[in-house]
file run-v1.cif (mmCIF, C-alpha atoms and all ligand atoms)
data_final
#
loop_
_atom_site.label_atom_id
_atom_site.label_comp_id
_atom_site.auth_asym_id
_atom_site.auth_seq_id
_atom_site.Cartn_x
_atom_site.Cartn_y
_atom_site.Cartn_z
CA MET A 1 16.07 -16.22 -8.62
CA THR A 2 15.54 -15.22 -12.24
CA SER A 3 15.75 -17.48 -15.26
CA HIS A 4 16.04 -17.26 -18.99
CA ALA A 5 12.25 -17.58 -19.17
CA ASP A 6 12.04 -14.22 -17.39
CA SER A 7 13.28 -12.46 -20.52
CA LEU A 8 10.05 -11.94 -22.37
CA THR A 9 9.06 -10.00 -25.41
CA ASP A 10 5.82 -8.09 -25.53
CA MET A 11 3.91 -9.36 -28.53
CA ASN A 12 1.12 -6.82 -28.25
CA GLU A 13 3.37 -4.01 -29.38
CA GLY A 14 3.66 -5.30 -32.95
CA ALA A 15 6.68 -3.79 -34.67
CA ASP A 16 7.56 -1.72 -31.62
CA PRO A 17 8.09 -4.25 -28.83
CA PHE A 18 9.49 -3.81 -25.38
CA ARG A 19 11.17 -6.61 -23.57
CA LEU A 20 11.65 -7.55 -19.92
CA ARG A 21 14.96 -8.85 -18.65
CA PRO A 22 16.46 -9.19 -15.17
CA VAL A 23 18.23 -6.10 -13.81
CA ARG A 24 22.02 -6.19 -13.87
CA ALA A 25 24.64 -4.12 -12.07
CA SER A 26 25.31 -1.89 -15.09
CA ASP A 27 21.62 -0.81 -15.03
CA LEU A 28 21.71 0.73 -11.57
CA ASP A 29 22.69 4.29 -12.51
CA PRO A 30 20.56 4.51 -15.69
CA VAL A 31 17.66 3.04 -13.73
CA ALA A 32 18.04 5.67 -10.99
CA ALA A 33 18.00 8.37 -13.69
CA LEU A 34 14.85 6.85 -15.20
CA GLN A 35 13.30 6.79 -11.76
CA GLU A 36 14.13 10.46 -11.21
CA ALA A 37 12.54 11.44 -14.55
CA SER A 38 9.47 9.34 -13.74
CA ILE A 39 9.02 10.91 -10.31
CA MET A 40 9.69 14.47 -11.43
CA THR A 41 7.18 14.17 -14.30
CA LEU A 42 4.50 11.88 -12.85
CA GLY A 43 4.89 12.34 -9.09
CA ALA A 44 5.66 16.06 -8.79
CA PRO A 45 2.18 17.18 -9.96
CA VAL A 46 0.73 15.28 -6.98
CA TYR A 47 3.40 15.87 -4.31
CA GLY A 48 5.00 19.13 -5.36
CA GLU A 49 8.58 19.69 -6.48
CA ALA A 50 10.39 19.53 -3.10
CA LYS A 51 8.79 16.25 -1.98
CA ALA A 52 9.28 14.71 -5.41
CA ARG A 53 12.99 15.64 -5.30
CA ALA A 54 13.39 14.01 -1.89
CA TRP A 55 11.56 10.90 -3.14
CA ALA A 56 13.83 10.73 -6.20
CA ARG A 57 16.89 10.88 -3.93
CA LEU A 58 15.61 7.86 -2.01
CA GLY A 59 15.68 5.94 -5.27
CA TYR A 60 19.38 6.60 -5.73
CA GLN A 61 19.94 5.52 -2.16
CA PHE A 62 18.10 2.21 -2.53
CA ARG A 63 19.09 1.28 -6.08
CA HIS A 64 21.45 -1.47 -4.91
CA ASP A 65 18.42 -3.28 -3.44
CA LEU A 66 17.57 -4.19 -7.03
CA LEU A 67 20.40 -6.72 -6.98
CA GLY A 68 19.50 -8.07 -3.55
CA GLU A 69 16.87 -10.54 -2.39
CA GLY A 70 13.78 -10.98 -4.54
CA ALA A 71 13.80 -10.24 -8.26
CA PHE A 72 13.71 -7.10 -10.38
CA TRP A 73 13.39 -6.53 -14.11
CA VAL A 74 13.85 -3.73 -16.56
CA ALA A 75 11.68 -3.12 -19.60
CA GLU A 76 13.70 -2.07 -22.60
CA GLN A 77 13.17 -1.28 -26.24
CA GLY A 78 16.39 -1.69 -28.14
CA GLN A 79 18.99 -0.08 -25.87
CA ARG A 80 16.49 2.23 -24.23
CA LEU A 81 15.29 1.56 -20.69
CA LEU A 82 11.56 2.17 -20.36
CA GLY A 83 10.76 0.80 -16.94
CA VAL A 84 11.91 -1.04 -13.84
CA GLY A 85 10.22 -2.96 -11.04
CA GLY A 86 10.03 -6.18 -9.08
CA TRP A 87 9.63 -7.59 -5.60
CA SER A 88 11.49 -8.06 -2.33
CA PRO A 89 10.63 -10.69 0.30
CA ASP A 90 9.14 -9.62 3.61
CA SER A 91 11.70 -10.33 6.31
CA LEU A 92 9.16 -11.86 8.73
CA GLU A 93 6.20 -13.23 6.76
CA ALA A 94 7.24 -16.10 4.49
CA ASP A 95 4.22 -15.76 2.16
CA LEU A 96 4.50 -11.99 1.64
CA ALA A 97 6.29 -10.14 -1.16
CA TRP A 98 6.62 -6.37 -1.51
CA ILE A 99 6.29 -4.79 -4.94
CA ARG A 100 9.07 -2.23 -5.04
CA TYR A 101 10.89 0.20 -7.23
CA LEU A 102 8.27 0.39 -9.99
CA PHE A 103 8.91 3.22 -12.41
CA VAL A 104 8.07 3.80 -16.05
CA ASP A 105 9.67 6.35 -18.36
CA PRO A 106 7.24 9.30 -18.44
CA GLN A 107 7.39 9.19 -22.27
CA ALA A 108 6.27 5.54 -22.28
CA THR A 109 3.30 5.42 -19.89
CA ARG A 110 -0.02 3.71 -20.69
CA ARG A 111 1.61 1.14 -22.93
CA GLY A 112 1.18 -1.66 -20.42
CA ILE A 113 4.81 -1.58 -19.21
CA GLY A 114 3.90 -1.12 -15.54
CA ARG A 115 1.33 -3.90 -15.78
CA ARG A 116 3.82 -6.29 -17.40
CA LEU A 117 6.42 -5.57 -14.71
CA VAL A 118 3.93 -6.23 -11.90
CA GLU A 119 2.62 -9.39 -13.58
CA GLN A 120 6.19 -10.62 -13.95
CA ALA A 121 6.79 -9.91 -10.26
CA GLU A 122 3.57 -11.76 -9.41
CA ARG A 123 4.62 -14.83 -11.35
CA SER A 124 8.05 -14.81 -9.77
CA ALA A 125 6.79 -14.21 -6.21
CA TYR A 126 4.17 -16.94 -6.65
CA ALA A 127 6.82 -19.38 -7.88
CA ALA A 128 8.89 -18.50 -4.79
CA GLY A 129 5.93 -19.42 -2.54
CA ARG A 130 4.88 -15.84 -1.81
CA ARG A 131 1.13 -15.66 -2.37
CA ARG A 132 0.47 -12.24 -0.85
CA LEU A 133 1.60 -8.96 -2.36
CA ARG A 134 1.82 -5.59 -0.75
CA VAL A 135 2.95 -2.23 -2.03
CA TRP A 136 3.36 1.22 -0.55
CA SER A 137 1.69 3.02 -3.42
CA SER A 138 2.41 6.64 -4.12
CA LEU A 139 -0.81 8.66 -4.40
CA ASN A 140 -0.40 9.02 -8.16
CA ALA A 141 -0.19 5.22 -8.60
CA VAL A 142 -3.26 4.13 -6.59
CA ASP A 143 -5.54 3.84 -9.64
CA PHE A 144 -2.86 1.86 -11.47
CA TYR A 145 -2.60 -0.69 -8.64
CA ARG A 146 -6.40 -0.84 -8.34
CA ALA A 147 -6.58 -1.70 -12.04
CA LEU A 148 -4.23 -4.62 -11.30
CA GLY A 149 -6.41 -5.97 -8.49
CA PHE A 150 -4.75 -4.37 -5.44
CA LEU A 151 -6.99 -2.99 -2.71
CA PRO A 152 -6.10 -0.13 -0.38
CA GLU A 153 -5.58 -1.02 3.30
CA ARG A 154 -4.48 2.21 4.93
CA ARG A 155 -2.71 5.46 4.40
CA ALA A 156 0.64 6.35 5.89
CA ARG A 157 2.98 9.29 5.90
CA TRP A 158 6.70 8.71 5.49
CA PRO A 159 9.19 11.17 6.91
CA MET A 160 11.89 11.55 4.26
CA ARG A 161 13.77 14.46 5.71
CA THR A 162 13.02 16.89 8.51
CA ALA A 163 9.68 18.54 7.79
CA LEU A 164 9.21 16.64 4.54
CA GLU A 165 6.66 13.85 4.50
CA LEU A 166 5.33 11.70 1.68
CA ASP A 167 1.78 10.32 1.82
CA ASN A 168 1.41 6.73 0.63
CA VAL A 169 -1.31 4.11 0.51
CA LEU A 170 -0.63 0.54 1.64
CA MET A 171 -2.26 -1.72 -0.95
CA ALA A 172 -2.54 -5.51 -1.01
CA LYS A 173 -3.42 -8.37 -3.30
CA ARG A 174 -3.63 -12.13 -2.86
CA ILE A 175 -2.25 -14.07 -5.83
CA GLU A 176 -4.86 -16.78 -6.41
CA GLN A 177 -3.23 -17.88 -9.64
CA ALA A 178 -0.04 -16.62 -11.26
CA PRO A 179 -0.80 -14.50 -14.35
CA LEU A 180 -0.06 -16.26 -17.64
CA ALA A 181 3.24 -15.35 -19.28
CA PRO A 182 2.94 -13.65 -22.68
CA PRO A 183 4.13 -15.83 -25.57
CA ALA A 184 7.94 -15.79 -25.89
CA GLY A 185 9.15 -13.88 -28.95
C1 LIG B 201 2.29 4.03 -11.96
C2 LIG B 201 3.08 3.67 -13.23
C3 LIG B 201 4.17 2.66 -12.87
C4 LIG B 201 2.10 3.03 -14.24
O1 LIG B 201 2.86 2.57 -15.35
P1 LIG B 201 2.23 2.44 -16.83
O2 LIG B 201 3.17 1.64 -17.65
O3 LIG B 201 1.85 3.77 -17.35
O4 LIG B 201 0.90 1.61 -16.54
P2 LIG B 201 0.12 0.65 -17.56
O5 LIG B 201 0.17 1.22 -18.93
O6 LIG B 201 0.61 -0.75 -17.38
O7 LIG B 201 -1.37 0.77 -16.99
C5 LIG B 201 -2.17 -0.37 -16.65
C6 LIG B 201 -3.54 0.14 -16.20
O8 LIG B 201 -3.42 0.87 -14.98
C7 LIG B 201 -4.34 1.99 -15.00
N1 LIG B 201 -3.57 3.24 -14.95
C8 LIG B 201 -2.27 3.42 -15.27
N2 LIG B 201 -1.90 4.70 -15.08
C9 LIG B 201 -3.02 5.34 -14.64
C10 LIG B 201 -3.28 6.68 -14.28
N3 LIG B 201 -2.34 7.63 -14.32
N4 LIG B 201 -4.54 7.00 -13.90
C11 LIG B 201 -5.53 6.07 -13.85
N5 LIG B 201 -5.32 4.77 -14.19
C12 LIG B 201 -4.08 4.41 -14.57
C13 LIG B 201 -5.13 1.85 -16.30
O9 LIG B 201 -6.28 1.06 -16.03
C14 LIG B 201 -4.16 1.12 -17.19
O10 LIG B 201 -4.80 0.40 -18.23
P3 LIG B 201 -5.21 1.18 -19.60
O11 LIG B 201 -4.03 2.01 -20.03
O12 LIG B 201 -5.51 0.04 -20.52
O13 LIG B 201 -6.39 2.01 -19.24
C15 LIG B 201 3.70 4.95 -13.90
O14 LIG B 201 2.68 5.89 -14.06
C16 LIG B 201 4.84 5.57 -13.10
O15 LIG B 201 5.99 5.21 -13.28
N6 LIG B 201 4.51 6.54 -12.22
C17 LIG B 201 5.52 7.30 -11.46
C18 LIG B 201 6.26 6.45 -10.47
C19 LIG B 201 5.34 5.77 -9.48
O16 LIG B 201 4.43 6.36 -8.93
N7 LIG B 201 5.61 4.47 -9.26
C20 LIG B 201 4.88 3.68 -8.30
C21 LIG B 201 5.58 3.79 -7.01
S1 LIG B 201 4.69 2.86 -5.76
#
call {"tool": "encode", "arguments": {"input": "run-v1.cif", "output": "structure tokens", "more": "lines below"}}
Ligand SMILES: CC(C)(COP(=O)(O)OP(=O)(O)OC[C@H]1O[C@@H](n2cnc3c(N)ncnc32)[C@H](O)[C@@H]1OP(=O)(O)O)[C@@H](O)C(=O)NCCC(=O)NCCS
result
Amino acid sequence: MTSHADSLTDMNEGADPFRLRPVRASDLDPVAALQEASIMTLGAPVYGEAKARAWARLGYQFRHDLLGEGAFWVAEQGQRLLGVGGWSPDSLEADLAWIRYLFVDPQATRRGIGRRLVEQAERSAYAAGRRRLRVWSSLNAVDFYRALGFLPERRARWPMRTALELDNVLMAKRIEQAPLAPPAG
């Protein structure tokens, strides 16, 4: 479901660009490690260490989903992975895509990597006929998704292990028009 056009260079970063490309099988372990670092640095202050650890373990468990239905990308700079994210189709609603597995290297936040990954997912979901997006946002990411036009619908609490629950916010966005792709580099 991905194409050559999905490999895009960020032109706003001048001499220090990052690039998006589709996830491949050899990324799965490095991506899970990136996810763990992201959660333990950016999620633990909100959820506490034990919940963050359990959340990070879920990422290892689900990392093969990145090669399944939908489309996922990594952001990289040279050989270094800086982010990951994409979408999976809803199994019942044909126009609904779920933003999933969005993580940015804690050393590389606020450079627009998360935004670029979500915009790429939006373009791809839109092209696949999925005009509605949803995401189970972690509490630390709610303001990020708001900045991208998502609105909160409700809160939920996920049991991860006995006596360990993770609060999330269900957020949604309708894609009226696919975001423009940045110029190819
Ligand atoms: C949430 C996350 C993906 C954001 O990635 P990012 O690359 O830093 O985000 P961007 O630089 O693209 O930010 C885009 C806009 O979102 C908003 N935003 C991003 N992070 C924010 C924060 N911590 N607080 C408030 N607003 C934030 C800002 O408006 C930002 O624009 P600006 O930098 O020009 O002000 C990243 O913080 C992360 O990996 N967090 C831990 C894992 C996680 O929670 N993932 C989501 C799971 S649902």
call {"tool": "residues_around", "arguments": {"input": "run-v1.cif", "residues": "Gly68 (chain A)", "least_positions_apart": "2", "cutoff": "12 Å", "atoms": "all atoms listed in the file", "output": "MDAnalysis selection string"}}
result
chainID A and resid 1:2 23:25 62:66 70:72 86:89
call {"tool": "residues_near_ligand", "arguments": {"input": "run-v1.cif", "ligand": "ligand LIG 201 (chain B)", "cutoff": "9 Å", "atoms": "all atoms listed in the file", "output": "number ranges by chain"}}
result
A: 35-43, 82-85, 99-106, 108-118, 135-148, 168-169
call {"tool": "atom_distance", "arguments": {"input": "run-v1.cif", "atom1": "CA of Pro159 (chain A)", "atom2": "CA of Ala32 (chain A)"}}
result
20.7 Å
call {"tool": "atom_distance", "arguments": {"input": "run-v1.cif", "atom1": "CA of Glu176 (chain A)", "atom2": "CA of Tyr126 (chain A)"}}
result
9.0 Å
call {"tool": "residues_around", "arguments": {"input": "run-v1.cif", "residues": "Pro179 (chain A)", "least_positions_apart": "6", "cutoff": "9 Å", "atoms": "only C-alpha atoms", "output": "PDB file with C-alpha atoms, keeping the file's coordinate frame"}}
result
ATOM      1  CA  GLU A 119       2.620  -9.390 -13.580  1.00  0.00           C
ATOM      2  CA  GLN A 120       6.190 -10.620 -13.950  1.00  0.00           C
ATOM      3  CA  GLU A 122       3.570 -11.760  -9.410  1.00  0.00           C
ATOM      4  CA  ARG A 123       4.620 -14.830 -11.350  1.00  0.00           C
TER       5      ARG A 123
END
call {"tool": "atom_distance", "arguments": {"input": "run-v1.cif", "atom1": "CA of Arg19 (chain A)", "atom2": "CA of Gly78 (chain A)"}}
result
8.5 Å
call {"tool": "closest_residue", "arguments": {"input": "run-v1.cif", "among": "A:Pro30, A:Arg80, A:Arg161, A:Arg174", "to": "Arg57 (chain A)", "atoms": "only C-alpha atoms"}}
result
A:Arg161
call {"tool": "closest_residue", "arguments": {"input": "run-v1.cif", "among": "A:Ala52, A:Glu76, A:Gln61, A:Leu180", "to": "Arg21 (chain A)", "atoms": "only C-alpha atoms"}}
result
A:Glu76
call {"tool": "residues_around", "arguments": {"input": "run-v1.cif", "residues": "Gly129 (chain A)", "least_positions_apart": "5", "cutoff": "9 Å", "atoms": "only C-alpha atoms", "output": "list in words"}}
result
Ala94, Asp95, Leu96 and Ser124 of chain A
call {"tool": "closest_residue", "arguments": {"input": "run-v1.cif", "among": "A:Asp90, A:Ala44, A:Ala75, A:Ala156", "to": "Val31 (chain A)", "atoms": "all atoms listed in the file"}}
result
A:Ala75
call {"tool": "axis_aligned_box", "arguments": {"input": "run-v1.cif", "around": "region 84-102 of chain A", "padding_each_side": "4 Å", "output": "JSON"}}
result
{"center_x": 8.1, "center_y": -7.9, "center_z": -2.6, "size_x": 15.7, "size_y": 24.5, "size_z": 30.6}
